[in-house]
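Structure file upload_25.cif; described as mmCIF, C-alpha atoms and all ligand atoms.
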data_structure
loop_
_atom_site.label_atom_id
_atom_site.label_comp_id
_atom_site.auth_asym_id
_atom_site.auth_seq_id
_atom_site.Cartn_x
_atom_site.Cartn_y
_atom_site.Cartn_z
CA MET A 293 88.35 69.46 102.71
CA MET A 294 91.78 70.29 101.50
CA ASN A 295 92.27 71.35 97.95
CA SER A 296 95.47 70.30 96.25
CA SER A 297 97.29 73.64 96.37
CA ARG A 298 96.69 73.92 100.09
CA PHE A 299 97.93 70.41 100.48
CA GLY A 300 101.03 71.44 98.52
CA VAL A 301 101.73 74.31 100.90
CA LEU A 302 101.22 72.10 103.91
CA PHE A 303 103.49 69.48 102.49
CA PHE A 304 106.17 72.11 101.80
CA VAL A 305 105.90 73.37 105.35
CA LEU A 306 106.06 69.90 106.85
CA SER A 307 109.12 69.14 104.80
CA LEU A 308 110.76 72.32 106.10
CA ILE A 309 110.01 71.29 109.67
CA TRP A 310 111.28 67.81 108.90
CA ASP A 311 114.49 69.31 107.49
CA GLU A 312 115.07 71.31 110.64
CA THR A 313 114.52 68.21 112.76
CA LYS A 314 117.01 66.21 110.76
CA VAL A 315 119.69 68.86 110.99
CA GLY A 316 118.99 69.34 114.68
CA SER A 317 119.29 65.68 115.57
CA ALA A 318 122.35 65.21 113.39
CA GLN A 319 124.14 67.75 115.52
CA ASN A 320 122.79 66.40 118.73
CA ASN A 321 121.51 69.80 119.72
CA ASN A 322 119.25 72.19 117.95
CA MET A 323 121.83 74.73 116.99
CA ARG A 324 122.44 75.17 113.32
CA ASN A 325 125.91 76.55 112.88
CA TYR A 326 125.47 77.81 109.35
CA ILE A 327 123.36 80.27 107.37
CA THR A 328 121.30 79.21 104.39
CA VAL A 329 119.01 81.02 101.98
CA ASP A 330 116.02 79.87 104.10
CA ASP A 331 117.20 82.24 106.81
CA LEU A 332 116.58 85.23 104.54
CA VAL A 333 113.00 84.67 103.46
CA ILE A 334 109.62 84.35 105.09
CA TYR A 335 107.67 81.40 103.83
CA SER A 336 104.03 82.49 103.91
CA PRO A 337 103.53 82.51 107.66
CA TRP A 338 99.78 81.91 107.74
CA ILE A 339 97.80 78.89 106.68
CA ARG A 340 94.11 78.03 106.93
CA VAL A 341 93.58 74.69 108.57
CA ARG A 342 89.93 73.51 108.82
CA GLY A 343 88.77 77.07 108.31
CA VAL A 344 91.00 78.53 111.02
CA GLU A 345 93.93 80.82 110.27
CA ARG A 346 97.01 79.47 111.95
CA ARG A 347 100.62 80.45 112.22
CA ILE A 348 102.59 77.71 110.58
CA GLN A 349 105.92 78.88 111.83
CA ASP A 350 106.01 79.92 115.45
CA LYS A 351 109.45 81.38 114.94
CA VAL A 352 108.25 84.45 113.02
CA ILE A 353 107.66 87.67 114.94
CA VAL A 354 105.84 90.31 112.93
CA VAL A 355 106.67 93.99 113.37
CA ASP A 356 104.03 96.38 112.14
CA LYS A 357 104.03 100.02 113.13
CA ASN A 358 100.32 100.08 112.30
CA GLY A 359 99.52 97.59 115.01
CA ARG A 360 98.64 94.41 113.19
CA GLY A 361 101.75 92.49 114.17
CA ASP A 362 103.28 91.17 117.35
CA SER A 363 105.21 94.37 118.01
CA LEU A 364 104.97 98.02 117.02
CA THR A 365 108.75 98.40 117.08
CA VAL A 366 111.72 96.40 115.86
CA GLN A 367 113.32 96.54 119.30
CA GLY A 368 110.12 95.20 120.81
CA ALA A 369 110.46 92.13 118.58
CA VAL A 370 114.14 91.65 119.46
CA ASP A 371 113.14 91.82 123.13
CA MET A 372 110.76 88.87 122.60
CA VAL A 373 113.62 86.61 121.52
CA PRO A 374 114.88 84.54 124.45
CA GLN A 375 118.39 85.04 125.84
CA GLN A 376 120.88 82.43 124.58
CA ASN A 377 118.51 81.72 121.73
CA THR A 378 119.45 78.54 119.82
CA HIS A 379 117.00 78.61 116.90
CA ARG A 380 116.59 80.93 113.95
CA VAL A 381 114.00 83.58 114.77
CA LYS A 382 112.70 85.57 111.83
CA ILE A 383 111.57 89.09 112.54
CA GLN A 384 109.34 90.10 109.68
CA ILE A 385 109.28 93.87 109.36
CA LEU A 386 106.31 95.29 107.49
CA PRO A 387 106.83 98.45 105.43
CA GLY A 388 107.11 101.70 107.36
CA ILE A 389 109.58 104.13 108.84
CA TYR A 390 110.81 102.78 112.17
CA SER A 391 112.43 105.70 113.92
CA GLU A 392 114.18 103.97 116.79
CA LYS A 393 117.53 102.71 118.03
CA VAL A 394 117.76 98.95 117.68
CA HIS A 395 120.18 96.76 119.60
CA VAL A 396 120.62 93.04 118.94
CA PRO A 397 122.73 91.92 121.92
CA ALA A 398 125.37 89.18 121.79
CA SER A 399 123.09 86.95 123.88
CA LYS A 400 120.60 86.66 120.97
CA PRO A 401 122.16 84.85 118.01
CA TYR A 402 120.22 83.47 115.00
CA ILE A 403 118.01 86.50 114.36
CA SER A 404 116.87 87.54 110.87
CA PHE A 405 115.37 90.92 109.97
CA ILE A 406 113.28 90.36 106.85
CA GLY A 407 111.33 92.92 104.85
CA ASP A 408 109.22 92.66 101.72
CA PRO A 409 111.24 91.74 98.61
CA LYS A 410 109.54 94.54 96.65
CA LEU A 411 109.58 97.21 99.34
CA ALA A 412 113.10 97.36 100.77
CA SER A 413 113.27 101.12 100.31
CA GLN A 414 110.00 101.60 102.17
CA THR A 415 111.03 99.49 105.15
CA VAL A 416 113.43 101.72 107.00
CA ILE A 417 115.03 101.67 110.41
CA THR A 418 116.26 105.20 110.86
CA GLY A 419 118.14 107.33 113.34
CA HIS A 420 119.81 110.73 113.45
CA ASP A 421 122.50 110.52 116.12
CA LYS A 422 125.94 111.84 115.34
CA ALA A 423 129.24 111.59 117.21
CA SER A 424 129.11 115.12 118.62
CA ASP A 425 125.61 114.76 120.06
CA ARG A 426 125.17 114.35 123.81
CA ASP A 427 123.55 111.39 125.50
CA ILE A 428 121.06 111.80 128.36
CA ASN A 429 123.91 112.11 130.87
CA GLY A 430 125.55 114.91 128.91
CA GLY A 431 128.40 112.75 127.60
CA LEU A 432 129.38 112.65 123.94
CA ILE A 433 127.64 109.90 121.99
CA GLY A 434 130.71 109.21 119.87
CA THR A 435 130.92 107.46 116.50
CA TRP A 436 130.49 103.96 117.90
CA ASN A 437 127.26 104.72 119.70
CA SER A 438 125.81 106.93 116.97
CA SER A 439 124.58 103.85 115.13
CA SER A 440 120.86 103.53 114.40
CA VAL A 441 121.15 99.73 114.54
CA ILE A 442 123.72 97.77 116.54
CA VAL A 443 124.23 94.03 115.99
CA GLU A 444 126.47 92.24 118.48
CA ALA A 445 124.98 88.78 117.93
CA ASP A 446 126.38 85.98 115.75
CA TYR A 447 124.52 84.42 112.81
CA PHE A 448 122.56 87.60 112.10
CA CYS A 449 120.77 87.93 108.76
CA ALA A 450 118.97 90.79 107.08
CA SER A 451 117.20 91.08 103.76
CA TYR A 452 115.04 93.61 101.94
CA ILE A 453 115.30 96.42 104.43
CA THR A 454 116.98 99.80 104.80
CA PHE A 455 119.26 100.90 107.63
CA GLN A 456 119.62 104.65 107.73
CA ASN A 457 121.26 107.51 109.56
CA THR A 458 119.89 110.83 108.31
CA VAL A 459 122.78 113.06 109.43
CA VAL A 460 124.55 114.70 106.47
CA GLU A 461 128.16 115.78 106.80
CA PRO A 462 128.75 119.39 105.67
CA TYR A 463 131.84 118.76 103.53
CA GLY A 464 134.28 115.91 102.89
CA GLY A 465 134.50 114.67 106.46
CA LEU A 466 134.11 116.82 109.55
CA GLU A 467 134.82 115.94 113.18
CA GLY A 468 131.58 115.32 115.02
CA TYR A 469 129.50 114.41 111.99
CA GLN A 470 130.27 110.70 112.06
CA ALA A 471 126.85 109.10 111.96
CA VAL A 472 126.55 105.34 111.65
CA ALA A 473 123.50 103.58 110.22
CA LEU A 474 124.53 100.03 111.19
CA ARG A 475 127.31 98.65 113.32
CA ILE A 476 128.00 94.93 113.33
CA SER A 477 130.45 93.14 115.60
CA GLY A 478 128.69 89.76 115.63
CA ASP A 479 130.43 86.98 113.72
CA LYS A 480 128.97 85.23 110.65
CA ALA A 481 126.30 87.43 109.12
CA VAL A 482 124.61 87.72 105.76
CA PHE A 483 123.07 90.90 104.36
CA HIS A 484 121.09 90.37 101.19
CA LYS A 485 119.45 93.22 99.24
CA VAL A 486 119.86 95.49 102.21
CA ARG A 487 120.25 99.25 101.81
CA PHE A 488 122.62 101.25 104.01
CA LEU A 489 122.07 105.01 103.84
CA GLY A 490 124.24 107.63 105.45
CA SER A 491 126.93 110.18 104.83
CA GLN A 492 130.05 110.03 107.01
CA ASP A 493 130.68 106.52 108.46
CA THR A 494 127.50 104.81 107.22
CA LEU A 495 128.46 101.18 107.79
CA LEU A 496 130.68 100.16 110.70
CA ASP A 497 131.69 96.66 109.67
CA GLU A 498 133.51 96.25 112.92
CA SER A 499 134.51 92.61 113.39
CA GLY A 500 133.60 89.08 112.34
CA SER A 501 133.10 87.48 108.91
CA HIS A 502 130.28 88.87 106.84
CA LEU A 503 128.72 88.56 103.42
CA PHE A 504 127.11 91.60 101.83
CA TYR A 505 125.35 90.29 98.76
CA ARG A 506 123.61 92.61 96.29
CA CYS A 507 123.40 95.42 98.81
CA PHE A 508 123.22 99.16 98.25
CA ILE A 509 125.62 101.24 100.34
CA GLN A 510 125.58 105.01 100.28
CA GLY A 511 127.83 107.58 101.89
CA ALA A 512 130.44 110.28 101.47
CA THR A 513 133.38 109.67 103.79
CA ASP A 514 134.87 106.43 105.16
CA PHE A 515 131.43 105.00 104.77
CA ILE A 516 132.46 101.36 104.88
CA PHE A 517 134.83 101.05 107.82
CA GLY A 518 135.97 98.73 110.58
CA ASN A 519 138.11 95.62 111.02
CA ALA A 520 135.83 92.84 109.80
CA LYS A 521 136.67 90.23 107.21
CA SER A 522 133.93 90.86 104.69
CA LEU A 523 133.03 90.10 101.13
CA TYR A 524 131.00 92.73 99.32
CA GLN A 525 129.65 90.84 96.36
CA GLU A 526 127.67 92.48 93.54
CA CYS A 527 126.96 95.54 95.65
CA ALA A 528 126.07 99.02 94.43
CA ILE A 529 128.17 101.67 96.11
CA SER A 530 126.80 105.16 95.87
CA VAL A 531 128.93 108.18 96.66
CA VAL A 532 126.99 111.29 97.68
CA GLY A 533 127.71 114.89 98.50
CA PRO A 534 131.17 116.30 98.75
CA ALA A 535 132.84 112.94 99.15
CA PHE A 536 136.20 111.92 100.49
CA ALA A 537 136.84 108.15 100.70
CA ILE A 538 134.85 104.96 100.29
CA ALA A 539 136.47 102.40 102.59
CA ALA A 540 138.64 102.66 105.70
CA HIS A 541 139.85 99.32 106.96
CA HIS A 542 141.24 99.05 110.47
CA ARG A 543 143.61 96.08 110.37
CA ASN A 544 146.47 96.91 112.70
CA SER A 545 148.78 93.91 112.60
CA GLU A 546 149.82 91.28 110.12
CA ASN A 547 148.42 88.63 112.46
CA GLU A 548 144.88 89.82 111.93
CA ASP A 549 143.08 87.88 109.24
CA THR A 550 140.74 90.68 108.22
CA GLY A 551 140.01 92.79 105.18
CA PHE A 552 137.36 94.14 102.84
CA SER A 553 137.00 92.54 99.43
CA PHE A 554 134.73 94.17 96.86
CA VAL A 555 133.95 91.84 93.97
CA ASN A 556 131.74 92.63 90.98
CA CYS A 557 130.56 95.86 92.55
CA LYS A 558 129.51 99.09 90.87
CA VAL A 559 130.57 102.47 92.20
CA THR A 560 128.66 105.54 91.06
CA GLY A 561 127.98 109.07 92.25
CA ASN A 562 129.71 112.28 93.06
CA GLY A 563 133.50 112.23 92.89
CA SER A 564 136.17 112.66 93.25
CA VAL A 565 136.78 110.07 95.89
CA PHE A 566 139.58 107.90 97.31
CA LEU A 567 138.98 104.17 96.98
CA GLY A 568 140.27 103.53 100.46
CA ARG A 569 142.50 104.64 103.24
CA ALA A 570 144.62 103.15 105.96
CA TRP A 571 142.77 103.49 109.23
CA GLY A 572 145.11 100.78 110.49
CA ARG A 573 148.76 100.22 109.52
CA TYR A 574 147.91 96.88 107.88
CA SER A 575 144.70 98.07 106.29
CA ARG A 576 143.55 95.59 103.64
CA ILE A 577 141.14 96.58 100.87
CA ILE A 578 140.71 94.89 97.50
CA TYR A 579 138.51 95.81 94.54
CA ALA A 580 138.07 93.14 91.85
CA TYR A 581 135.95 93.13 88.68
CA THR A 582 134.46 96.39 89.92
CA GLU A 583 133.17 99.22 87.78
CA PHE A 584 134.12 102.74 88.85
CA ASN A 585 131.71 105.13 87.15
CA ILE A 586 133.13 107.89 89.23
CA ASN A 587 136.18 110.12 89.24
CA VAL A 588 138.79 108.77 91.59
CA THR A 589 141.00 111.30 93.38
CA VAL A 590 144.59 111.44 92.14
CA GLY A 591 146.58 108.81 94.00
CA GLY A 592 143.50 106.64 94.46
CA TRP A 593 144.43 105.54 97.96
CA GLN A 594 145.60 107.24 101.15
CA ASP A 595 147.89 106.22 104.00
CA TRP A 596 146.14 108.52 106.50
CA GLY A 597 149.23 110.70 106.67
CA SER A 598 151.41 107.93 108.01
CA THR A 599 154.07 106.96 105.47
CA SER A 600 155.21 104.17 107.77
CA SER A 601 152.07 102.31 106.67
CA ASP A 602 153.11 102.38 103.02
CA ASN A 603 155.00 99.10 103.30
CA THR A 604 152.33 97.29 105.28
CA VAL A 605 148.96 98.16 103.77
CA VAL A 606 147.36 95.86 101.21
CA PHE A 607 145.54 98.01 98.67
CA GLY A 608 144.78 96.03 95.54
CA GLU A 609 142.86 96.36 92.30
CA TYR A 610 142.13 93.53 89.92
CA GLN A 611 140.40 93.79 86.54
CA CYS A 612 138.34 96.85 87.37
CA ARG A 613 136.79 99.06 84.71
CA GLY A 614 135.14 102.47 84.22
CA ILE A 615 136.63 105.95 84.28
CA GLY A 616 137.90 105.58 87.84
CA ALA A 617 139.82 102.39 87.09
CA ASN A 618 142.67 104.10 85.26
CA ARG A 619 145.63 103.46 87.56
CA SER A 620 147.93 106.09 86.18
CA GLY A 621 148.78 108.38 89.08
CA ARG A 622 147.96 105.81 91.75
CA VAL A 623 150.13 105.84 94.89
CA PRO A 624 153.01 103.34 94.61
CA TYR A 625 151.87 101.42 97.69
CA SER A 626 148.69 100.36 95.90
CA LYS A 627 148.92 97.45 93.53
CA GLU A 628 147.43 96.00 90.38
CA LEU A 629 147.12 92.36 91.44
CA ASN A 630 147.86 89.46 89.15
CA HIS A 631 145.49 86.52 89.04
CA ILE A 632 147.33 84.47 91.62
CA GLU A 633 147.48 87.37 94.05
CA ALA A 634 143.80 88.20 93.51
CA THR A 635 142.45 84.67 93.82
CA PRO A 636 142.11 84.54 97.65
CA TYR A 637 139.85 87.60 97.54
CA LEU A 638 137.58 86.71 94.64
CA GLY A 639 134.95 84.47 96.20
CA ARG A 640 133.25 83.38 99.38
CA LYS A 641 136.26 81.30 100.31
CA PHE A 642 137.68 84.64 101.47
CA ILE A 643 135.17 84.61 104.34
CA ASN A 644 135.62 80.87 105.00
CA GLU A 645 132.23 79.96 103.60
CA GLU A 646 132.81 76.25 104.19
CA GLN A 647 132.62 76.90 107.92
CA TRP A 648 129.31 78.71 108.06
CA LEU A 649 127.61 79.46 104.73
CA ARG A 650 125.34 77.29 102.61
CA PHE A 651 124.04 80.03 100.44
C1 LIG B 701 128.21 103.50 124.33
O1 LIG B 701 127.04 103.57 125.10
C2 LIG B 701 127.03 102.70 126.19
C3 LIG B 701 125.65 102.73 126.82
O2 LIG B 701 125.24 104.05 127.06
C4 LIG B 701 128.14 103.10 127.15
O3 LIG B 701 128.16 102.24 128.26
C5 LIG B 701 129.46 103.03 126.42
O4 LIG B 701 130.51 103.48 127.24
C6 LIG B 701 129.44 103.83 125.14
N1 LIG B 701 130.64 103.53 124.39
C7 LIG B 701 131.40 104.47 123.84
C8 LIG B 701 132.61 103.99 123.11
O5 LIG B 701 131.14 105.64 123.90
C1 LIG B 702 129.47 116.97 94.72
O1 LIG B 702 130.60 117.32 95.51
C2 LIG B 702 130.94 118.70 95.47
C3 LIG B 702 132.19 118.95 96.27
O2 LIG B 702 133.12 117.94 96.10
C4 LIG B 702 129.78 119.50 96.03
O3 LIG B 702 130.07 120.88 95.93
C5 LIG B 702 128.51 119.17 95.27
O4 LIG B 702 127.41 119.80 95.88
C6 LIG B 702 128.27 117.69 95.23
N1 LIG B 702 127.14 117.40 94.36
C7 LIG B 702 126.17 116.55 94.70
C8 LIG B 702 125.10 116.34 93.68
O5 LIG B 702 126.14 115.96 95.77
C1 LIG B 703 134.74 113.45 86.05
O1 LIG B 703 135.40 114.69 86.03
C2 LIG B 703 135.27 115.37 84.81
C3 LIG B 703 136.17 116.61 84.86
O2 LIG B 703 135.92 117.34 86.03
C4 LIG B 703 133.81 115.69 84.57
O3 LIG B 703 133.64 116.36 83.34
C5 LIG B 703 133.01 114.41 84.56
O4 LIG B 703 131.64 114.69 84.46
C6 LIG B 703 133.26 113.61 85.83
N1 LIG B 703 132.59 112.32 85.71
C7 LIG B 703 131.82 111.83 86.65
C8 LIG B 703 131.23 110.47 86.37
O5 LIG B 703 131.59 112.39 87.70
C1 LIG B 704 144.84 106.91 81.94
O1 LIG B 704 145.14 108.24 82.33
C2 LIG B 704 146.29 108.74 81.74
C3 LIG B 704 146.61 110.09 82.38
O2 LIG B 704 145.47 110.90 82.43
C4 LIG B 704 146.08 108.83 80.22
O3 LIG B 704 147.24 109.31 79.61
C5 LIG B 704 145.77 107.43 79.71
O4 LIG B 704 145.45 107.50 78.35
C6 LIG B 704 144.60 106.82 80.46
N1 LIG B 704 144.45 105.43 80.06
C7 LIG B 704 143.28 104.95 79.62
C8 LIG B 704 143.29 103.50 79.26
O5 LIG B 704 142.29 105.63 79.51
#
With the file now loaded, output its structure as structure tokens.
Amino acid sequence: MMNSSRFGVLFFVLSLIWDETKVGSAQNNNMRNYITVDDLVIYSPWIRVRGVERRIQDKVIVVDKNGRGDSLTVQGAVDMVPQQNTHRVKIQILPGIYSEKVHVPASKPYISFIGDPKLASQTVITGHDKASDRDINGGLIGTWNSSSVIVEADYFCASYITFQNTVVEPYGGLEGYQAVALRISGDKAVFHKVRFLGSQDTLLDESGSHLFYRCFIQGATDFIFGNAKSLYQECAISVVGPAFAIAAHHRNSENEDTGFSFVNCKVTGNGSVFLGRAWGRYSRIIYAYTEFNINVTVGGWQDWGSTSSDNTVVFGEYQCRGIGANRSGRVPYSKELNHIEATPYLGRKFINEEQWLRF
């Protein structure tokens, strides 16, 4: 016999399956070329049908380091996803410290890493490689390969988990101590309530369009860097240790439609710190409606020692507040934007949401 609440769950599940079918057939293949909030949550994956526990969603792979899931490691779960995957596969990661390198290759799009909404800080994928370390062949690992987690696939999602690199830079940026927690070069990704922990070069937001929504990002030097086009919305940015700069954007030509936009964020921690610097000549970094509860280094922004970039960088601030928002003493190549200038950066339109987000 089915009681009514169980019937409710079953009905909910069937309607989800029905939804997927409709979308699939509408597109004439089963690929769903957008990300929705469904891709970031696990709907109770077990159901009792006639007294038997059954998986209601065969697209969930459970990672449990204590052995009660489908895989002991996160990489083991990624390996179970077929090449050229065309459906969303949710990898549910149970709380624990997963000390491993994880690689999501370009051939495996539509993967979600999902933790427990209440235990993001206890669900950690961690590494401790730094740029000056040697790989097994004796070669330098380098910044790019230091990353604990590497995502090269499109349509990646993550929620309620922590990506960490435990290396701590000795002071304000030192060659060899670059140590990335997550690198993403896949296009179209959403990170929701994800924590990024590191020191120098925490988050390599390398390329593609990405949404970071209500995330926590910690570091000391250039800790949000790369050439992606990303919106950081309502994120907490935490500056630790002897810090140097928050963001380093790598746009190198005016033809590149890339940039970092921070909207409604909160910056706290140990100053003083530069808001951003020009890793590329056309570096583009905007802060809007952001609270700087931190001392900002005189000048506020840096051209990386190349004055020829001063006419080409786009460093903007719009309606920020807090002690660090006082623009007196800012370098002349940074700008207080007016409303019209700020508008393109203020919402998800910046990352072309109409093409891939229903969130
Ligand atoms: C990163 O590591 C891979 C695999 O070991 C290697 O083939 C590649 O050359 C490395 N890339 C860089 C930039 O060091
Ligand atoms: C803050 O940064 C200074 C150097 O800029 C360093 O000496 C100090 O230890 C840092 N404090 C904390 C709490 O990280
Ligand atoms: C900013 O700097 C001043 C002067 O050094 C210091 O007193 C204050 O505590 C700093 N504020 C923050 C939020 O670090
Ligand atoms: C901004 O800083 C300047 C220089 O320290 C100071 O004179 C000015 O009063 C500050 N403005 C605000 C609004 O705090």
To box ligand LIG 702 (chain B), take all atoms listed in the file, fit an axis-aligned box, add 6 Å on each side, and give centre and edge lengths in Å to one decimal, as AutoDock Vina command-line options.
--center_x 129.1 --center_y 118.4 --center_z 95.0 --size_x 20.0 --size_y 16.9 --size_z 14.6
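For the choices A:Arg475, A:Arg506, A:Arg380, A:Arg487, the atom-to-atom distance to Val394 of chain A is smallest for A:Arg475 when using all atoms listed in the file.
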Around ligand LIG 703 (chain B), at most 9 Å away and counting only C-alpha atoms and all ligand atoms, which residues are there? Put them as a PyMOL selection string, please.
chain A and resi 560-564+584-588+615-616
Contacts of Ser413 of chain A at 10 Å (only C-alpha atoms; same-chain gap of 6+ positions) as a PyMOL selection string
chain A and resi 387-389+407+452-455+486-487
Can you tell me which residues come within 10 Å of ligand LIG 702 (chain B) when counting all atoms listed in the file, ideally as a ChimeraX atom specification?
/A:462-464,512,531-536,561-565
Give one line per residue of chain A that approaches ligand LIG 701 (chain B) to at most 12 Å, naming the two atoms of the closest pair and their distance in Å to one decimal, counting all atoms listed in the file; sort by chain then ascending residue number and deliver it as a Markdown table.
| residue | atom | partner | partner_atom | distance |
| --- | --- | --- | --- | --- |
| A:Lys393 | CA | B:LIG701 | O1 | 11.9 |
| A:His395 | CA | B:LIG701 | C3 | 10.8 |
| A:Lys422 | CA | B:LIG701 | O5 | 11.8 |
| A:Ala423 | CA | B:LIG701 | O5 | 9.2 |
| A:Ser424 | CA | B:LIG701 | O5 | 11.0 |
| A:Asp425 | CA | B:LIG701 | O5 | 11.3 |
| A:Arg426 | CA | B:LIG701 | O5 | 10.6 |
| A:Asp427 | CA | B:LIG701 | O2 | 7.7 |
| A:Ile428 | CA | B:LIG701 | O2 | 8.9 |
| A:Asn429 | CA | B:LIG701 | O2 | 9.0 |
| A:Gly430 | CA | B:LIG701 | O2 | 11.0 |
| A:Gly431 | CA | B:LIG701 | O5 | 8.5 |
| A:Leu432 | CA | B:LIG701 | O5 | 7.2 |
| A:Ile433 | CA | B:LIG701 | O5 | 5.8 |
| A:Gly434 | CA | B:LIG701 | O5 | 5.4 |
| A:Thr435 | CA | B:LIG701 | O5 | 7.6 |
| A:Trp436 | CA | B:LIG701 | C8 | 5.6 |
| A:Asn437 | CA | B:LIG701 | C1 | 4.9 |
| A:Ser438 | CA | B:LIG701 | C1 | 8.5 |
| A:Ser439 | CA | B:LIG701 | C1 | 9.9 |
| A:Ile442 | CA | B:LIG701 | C1 | 10.7 |
Using all atoms listed in the file, which protein or nucleic acid residues come within 8 Å of segment 599-610 of chain A? Drop anything in the same chain fewer than 4 positions from it, and give the result as a VMD selection string.
chain A and resid 568 570 573 to 581 593 595 625 to 631 634
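The binding environment of ligand LIG 704 (chain B), defined as every protein, DNA or RNA residue with an atom no more than 9 Å away and counting all atoms listed in the file, comprises Ile615, Ala617, Asn618, Arg619, Ser620 and Gly621 of chain A.
Computed from the coordinates, the atom CA of Gly597 of chain A to atom CA of His542 of chain A distance equals 14.6 Å.
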Mind rebuilding segment 386-404 of chain A with N, CA and C atoms and writing that out as a CSV table (one decimal), keeping the file's coordinate frame?
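Below you can see selection.csv, which holds the result:
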chain,number,residue,atom,x,y,z
A,386,LEU,N,107.2,94.8,108.5
A,386,LEU,CA,106.3,95.3,107.5
A,386,LEU,C,106.7,96.7,107.1
A,387,PRO,N,106.4,97.1,105.9
A,387,PRO,CA,106.8,98.4,105.4
A,387,PRO,C,106.5,99.6,106.4
A,388,GLY,N,107.3,100.6,106.5
A,388,GLY,CA,107.1,101.7,107.4
A,388,GLY,C,108.4,102.3,107.8
A,389,ILE,N,108.4,103.5,108.3
A,389,ILE,CA,109.6,104.1,108.8
A,389,ILE,C,109.6,103.9,110.3
A,390,TYR,N,110.6,103.1,110.7
A,390,TYR,CA,110.8,102.8,112.2
A,390,TYR,C,111.9,103.7,112.7
A,391,SER,N,111.5,104.7,113.4
A,391,SER,CA,112.4,105.7,113.9
A,391,SER,C,112.8,105.3,115.3
A,392,GLU,N,113.8,104.5,115.5
A,392,GLU,CA,114.2,104.0,116.8
A,392,GLU,C,115.6,103.5,116.7
A,393,LYS,N,116.2,103.4,117.9
A,393,LYS,CA,117.5,102.7,118.0
A,393,LYS,C,117.3,101.2,118.2
A,394,VAL,N,118.0,100.4,117.5
A,394,VAL,CA,117.8,99.0,117.7
A,394,VAL,C,119.1,98.3,118.1
A,395,HIS,N,119.0,97.4,119.1
A,395,HIS,CA,120.2,96.8,119.6
A,395,HIS,C,119.9,95.3,119.6
A,396,VAL,N,120.7,94.5,118.9
A,396,VAL,CA,120.6,93.0,118.9
A,396,VAL,C,121.8,92.6,119.8
A,397,PRO,N,121.6,92.2,121.0
A,397,PRO,CA,122.7,91.9,121.9
A,397,PRO,C,123.4,90.6,121.6
A,398,ALA,N,124.6,90.4,122.0
A,398,ALA,CA,125.4,89.2,121.8
A,398,ALA,C,124.6,87.9,122.3
A,399,SER,N,123.8,88.1,123.3
A,399,SER,CA,123.1,87.0,123.9
A,399,SER,C,121.9,86.4,123.0
A,400,LYS,N,121.7,87.1,121.8
A,400,LYS,CA,120.6,86.7,121.0
A,400,LYS,C,121.0,86.4,119.5
A,401,PRO,N,121.8,85.2,119.4
A,401,PRO,CA,122.2,84.8,118.0
A,401,PRO,C,121.0,84.3,117.2
A,402,TYR,N,121.2,84.1,115.9
A,402,TYR,CA,120.2,83.5,115.0
A,402,TYR,C,119.0,84.3,114.8
A,403,ILE,N,119.2,85.6,114.7
A,403,ILE,CA,118.0,86.5,114.4
A,403,ILE,C,118.1,87.0,112.9
A,404,SER,N,117.0,87.0,112.2
A,404,SER,CA,116.9,87.5,110.9
A,404,SER,C,115.9,88.7,110.9
